[in-house]
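Worksheet: the structure to be examined is printed underneath.
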Amino acid sequence: MLASLFPSYRHYPVIQPLVFGLSSVFLLILDTISVLMGQQSVSTKSICFTLILIAVFMAAGWFQPCEFIFIACYLLFNLLDLIDGYGMVVLDLDILLVFWLIRSWIIPAVLVLLLEGAISVAVSATPSLQAFSSALIAVIVLVIGLALRWQNARRILAEHDREQIRKSTVQTRKELARQLHDTTAKDLAHVTVLAQDIAVRHPELSSEMNPLVQAATKASRRIRPMILSIDTAASKTPLSEVVQQVKRMLQTRSITLDTVLPKNLDNALSRQQLLTGALAIRECSSNILKYAPADSEANLVIELQTERKELTLSLSNEIADTPATTGISSGYGLANLDSKIREEGGTMEITNLGGQWLTYIVLPAQKYKPKNLSAENTNDEGAPSEQ
């Protein structure tokens, strides 16, 4: 709450308390040594008020409102001559004003310097000497504070520039990967499927279509790892958005994906579940694109077991007599996916039930010791052997 009321306080969460604490202790020790050596005479009253000032100053390192309390107390105690003998405490005020100057609180800092100088001159036994001393200290404080402010501004500007460059780079890579995925990769998959369909419907053209299928298949295999390496933000894609992406992908073969998703799914999942779940949906959908017949339906049911915090994915699709093409792939493979899921402590079950291909995946919220399960029903390319 205090940080929201005083935003500048958040800029120095460690440095300011450290500086305030060390300077208070150091200056108190110097004044105490001076008193013990008899160079200054003090009263119990001045010691008490000095300790109060130091305590408030140290608290100001953590709570910014205490800064204003410290300044008010210091000016009042100095005006009433309640801290006589502990002259080094004035440096605490100067240190505070340096921080004000770094924050660009220039006018308030100058006003406090003028007010403190006027009070010091008024209560001093040697006004001319005190005026010179106050003016010199004010100049030193302004020089140091403004120099640090300039340096801090340069640092903030450099950090801002680096952050802008980083965001621009990430956005450019993400946009490039998205364009490749939505245009080139999608078109290659579409060309491959259409050429394969033409070869099936018109066997006399299969010899002419096969080179086209092979060329598009090779290009698709090459471009997908490139997309994954370029898109550094792909892992941050919400699961609900991944579902929409695979729906559009399956539409290239007129395959309708019916989905059942819980509300606020992405907010309820752990980072591990988001990453592995997105990978599983993409890979299984690529498998559906290869092996499901055109103009068919597929189903995806996503559930979140709130008690065990487990994410379950259930996918089902019809199996075509022949695959559209073995070249369409997300570049990961079901065998690798099964290994990845087991490493994350989950399970993956694949079943062929009378023309229906069923996939059931369970992903825990927290990674635990993987189960020693073997991958079944997969061929050398990571695709199910039954399909």
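Ordering of the structure tokens sets the chain letters (A, B, ...); residue numbers start at 1 within each chain; ligands are numbered from 1 in the order shown.
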
- Pull the helix (DSSP H, G or I) assignments for range 5-169 of chain A out of DSSP run on the backbone, and list those residues as a ChimeraX atom specification. /A:5,7-11,15-36,44-60,65-79,87-102,106-123,127-169

Next, write the just-selected residues to a file, as a compact mmCIF listing (two decimals), in the first residue's frame, keeping C-alpha atoms as the atom set.
```
# COMPACT_ATOMS: atom_id res chain seq x y z
CA LEU A 5 1.18 5.81 -2.46
CA PRO A 7 6.03 4.95 -6.17
CA SER A 8 9.57 6.34 -5.99
CA TYR A 9 10.22 4.31 -2.86
CA ARG A 10 10.15 1.10 -4.89
CA HIS A 11 13.20 2.20 -6.86
CA ILE A 15 20.14 0.53 -1.30
CA GLN A 16 18.22 3.15 0.68
CA PRO A 17 17.72 1.11 3.91
CA LEU A 18 21.36 0.03 3.78
CA VAL A 19 22.69 3.57 3.31
CA PHE A 20 20.38 5.04 5.94
CA GLY A 21 21.24 2.37 8.50
CA LEU A 22 25.01 2.43 8.02
CA SER A 23 25.25 6.22 7.92
CA SER A 24 23.16 6.58 11.09
CA VAL A 25 25.32 4.15 13.03
CA PHE A 26 28.57 5.65 11.70
CA LEU A 27 27.62 9.27 12.45
CA LEU A 28 26.27 8.35 15.89
CA ILE A 29 29.56 6.65 16.73
CA LEU A 30 31.56 9.70 15.59
CA ASP A 31 29.45 12.07 17.71
CA THR A 32 29.62 9.73 20.71
CA ILE A 33 33.43 9.50 20.47
CA SER A 34 33.60 13.28 20.24
CA VAL A 35 31.46 13.62 23.40
CA LEU A 36 33.43 11.00 25.32
CA THR A 44 20.51 13.81 28.61
CA LYS A 45 17.76 15.69 26.82
CA SER A 46 19.84 16.23 23.66
CA ILE A 47 20.88 12.54 23.67
CA CYS A 48 17.24 11.44 23.83
CA PHE A 49 16.12 13.71 21.00
CA THR A 50 19.13 12.70 18.91
CA LEU A 51 18.31 9.00 19.33
CA ILE A 52 14.71 9.72 18.32
CA LEU A 53 15.93 11.42 15.15
CA ILE A 54 18.24 8.55 14.30
CA ALA A 55 15.49 5.98 14.87
CA VAL A 56 13.09 7.88 12.59
CA PHE A 57 15.82 8.27 9.95
CA MET A 58 16.58 4.54 9.94
CA ALA A 59 12.85 3.80 9.65
CA ALA A 60 12.72 6.14 6.66
CA PRO A 65 6.45 8.54 5.09
CA CYS A 66 9.10 8.51 7.85
CA GLU A 67 11.25 10.73 5.63
CA PHE A 68 8.83 13.61 6.08
CA ILE A 69 8.54 12.89 9.80
CA PHE A 70 12.33 12.95 10.10
CA ILE A 71 12.63 16.30 8.30
CA ALA A 72 9.88 17.88 10.41
CA CYS A 73 11.41 16.55 13.64
CA TYR A 74 14.93 17.61 12.66
CA LEU A 75 13.90 21.18 11.77
CA LEU A 76 11.83 21.48 14.96
CA PHE A 77 14.52 20.02 17.24
CA ASN A 78 17.17 22.20 15.62
CA LEU A 79 15.00 25.30 16.02
CA GLY A 87 26.19 18.05 15.00
CA MET A 88 26.98 15.08 12.74
CA VAL A 89 23.28 14.18 12.66
CA VAL A 90 22.82 16.98 10.13
CA LEU A 91 24.53 14.73 7.58
CA ASP A 92 21.59 12.31 7.85
CA LEU A 93 19.41 15.10 6.52
CA ASP A 94 21.87 15.72 3.68
CA ILE A 95 21.92 12.04 2.76
CA LEU A 96 18.13 12.02 2.62
CA LEU A 97 18.08 15.09 0.36
CA VAL A 98 20.56 13.41 -1.99
CA PHE A 99 18.02 10.62 -2.46
CA TRP A 100 15.35 13.23 -3.09
CA LEU A 101 17.48 14.75 -5.82
CA ILE A 102 18.03 11.33 -7.40
CA ILE A 106 14.62 18.97 -6.80
CA ILE A 107 12.38 21.82 -5.63
CA PRO A 108 11.43 20.16 -2.29
CA ALA A 109 15.10 19.34 -1.65
CA VAL A 110 16.19 22.93 -2.32
CA LEU A 111 13.44 24.30 -0.08
CA VAL A 112 14.48 22.00 2.79
CA LEU A 113 18.13 23.03 2.33
CA LEU A 114 17.17 26.72 2.50
CA LEU A 115 14.94 26.21 5.52
CA GLU A 116 17.55 24.14 7.37
CA GLY A 117 20.23 26.73 6.59
CA ALA A 118 18.05 29.60 7.81
CA ILE A 119 17.24 27.82 11.08
CA SER A 120 20.88 26.87 11.66
CA VAL A 121 21.99 30.47 11.12
CA ALA A 122 19.26 31.77 13.41
CA VAL A 123 20.21 29.54 16.35
CA PRO A 127 25.85 33.30 12.20
CA SER A 128 28.35 34.26 9.47
CA LEU A 129 30.38 31.07 9.90
CA GLN A 130 27.22 28.99 10.02
CA ALA A 131 25.89 30.66 6.85
CA PHE A 132 29.10 29.81 5.00
CA SER A 133 29.00 26.23 6.29
CA SER A 134 25.34 25.78 5.33
CA ALA A 135 25.92 27.21 1.85
CA LEU A 136 28.92 24.94 1.28
CA ILE A 137 27.02 21.86 2.44
CA ALA A 138 24.04 22.81 0.24
CA VAL A 139 26.29 23.12 -2.83
CA ILE A 140 27.92 19.74 -2.09
CA VAL A 141 24.53 18.07 -1.61
CA LEU A 142 23.19 19.54 -4.87
CA VAL A 143 26.27 18.54 -6.86
CA ILE A 144 26.31 14.98 -5.54
CA GLY A 145 22.54 14.54 -5.81
CA LEU A 146 22.24 15.93 -9.34
CA ALA A 147 25.26 13.94 -10.53
CA LEU A 148 23.75 10.71 -9.18
CA ARG A 149 20.38 11.68 -10.68
CA TRP A 150 21.99 12.09 -14.09
CA GLN A 151 23.79 8.77 -13.77
CA ASN A 152 20.61 7.05 -12.60
CA ALA A 153 18.65 8.52 -15.50
CA ARG A 154 21.23 7.16 -17.94
CA ARG A 155 20.98 3.73 -16.32
CA ILE A 156 17.19 3.72 -16.48
CA LEU A 157 17.27 4.85 -20.11
CA ALA A 158 19.76 2.10 -21.00
CA GLU A 159 17.63 -0.52 -19.26
CA HIS A 160 14.54 0.78 -21.04
CA ASP A 161 16.30 0.59 -24.40
CA ARG A 162 17.48 -2.96 -23.71
CA GLU A 163 13.97 -3.99 -22.71
CA GLN A 164 12.49 -2.41 -25.84
CA ILE A 165 15.05 -4.19 -28.00
CA ARG A 166 14.30 -7.49 -26.29
CA LYS A 167 10.54 -7.06 -26.70
CA SER A 168 10.97 -6.04 -30.32
CA THR A 169 13.14 -9.08 -31.01
```

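Neighbouring residues of Glu297 in chain A at 8 Å or closer, counting only C-alpha atoms and skipping chain neighbours under 5 positions away, are A:Ile255, A:Thr256, A:Leu257, A:Asp258, A:Asn317, A:Glu318.
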
What would the file look like if the residues just selected were written as an mmCIF file, in the first residue's frame with C-alpha atoms?
```
data_model
loop_
_atom_site.group_PDB
_atom_site.id
_atom_site.type_symbol
_atom_site.label_atom_id
_atom_site.label_comp_id
_atom_site.auth_asym_id
_atom_site.auth_seq_id
_atom_site.Cartn_x
_atom_site.Cartn_y
_atom_site.Cartn_z
ATOM 1 C CA ILE A 255 -12.216 -32.436 -40.248
ATOM 2 C CA THR A 256 -14.386 -30.925 -37.519
ATOM 3 C CA LEU A 257 -12.985 -30.912 -34.004
ATOM 4 C CA ASP A 258 -15.648 -30.862 -31.299
ATOM 5 C CA ASN A 317 -11.148 -39.763 -34.186
ATOM 6 C CA GLU A 318 -12.116 -42.093 -36.983
#
```

- Could you check how far CA of Pro262 in chain A sits from CA of Ile281 in chain A, in Å to one decimal? 15.6 Å
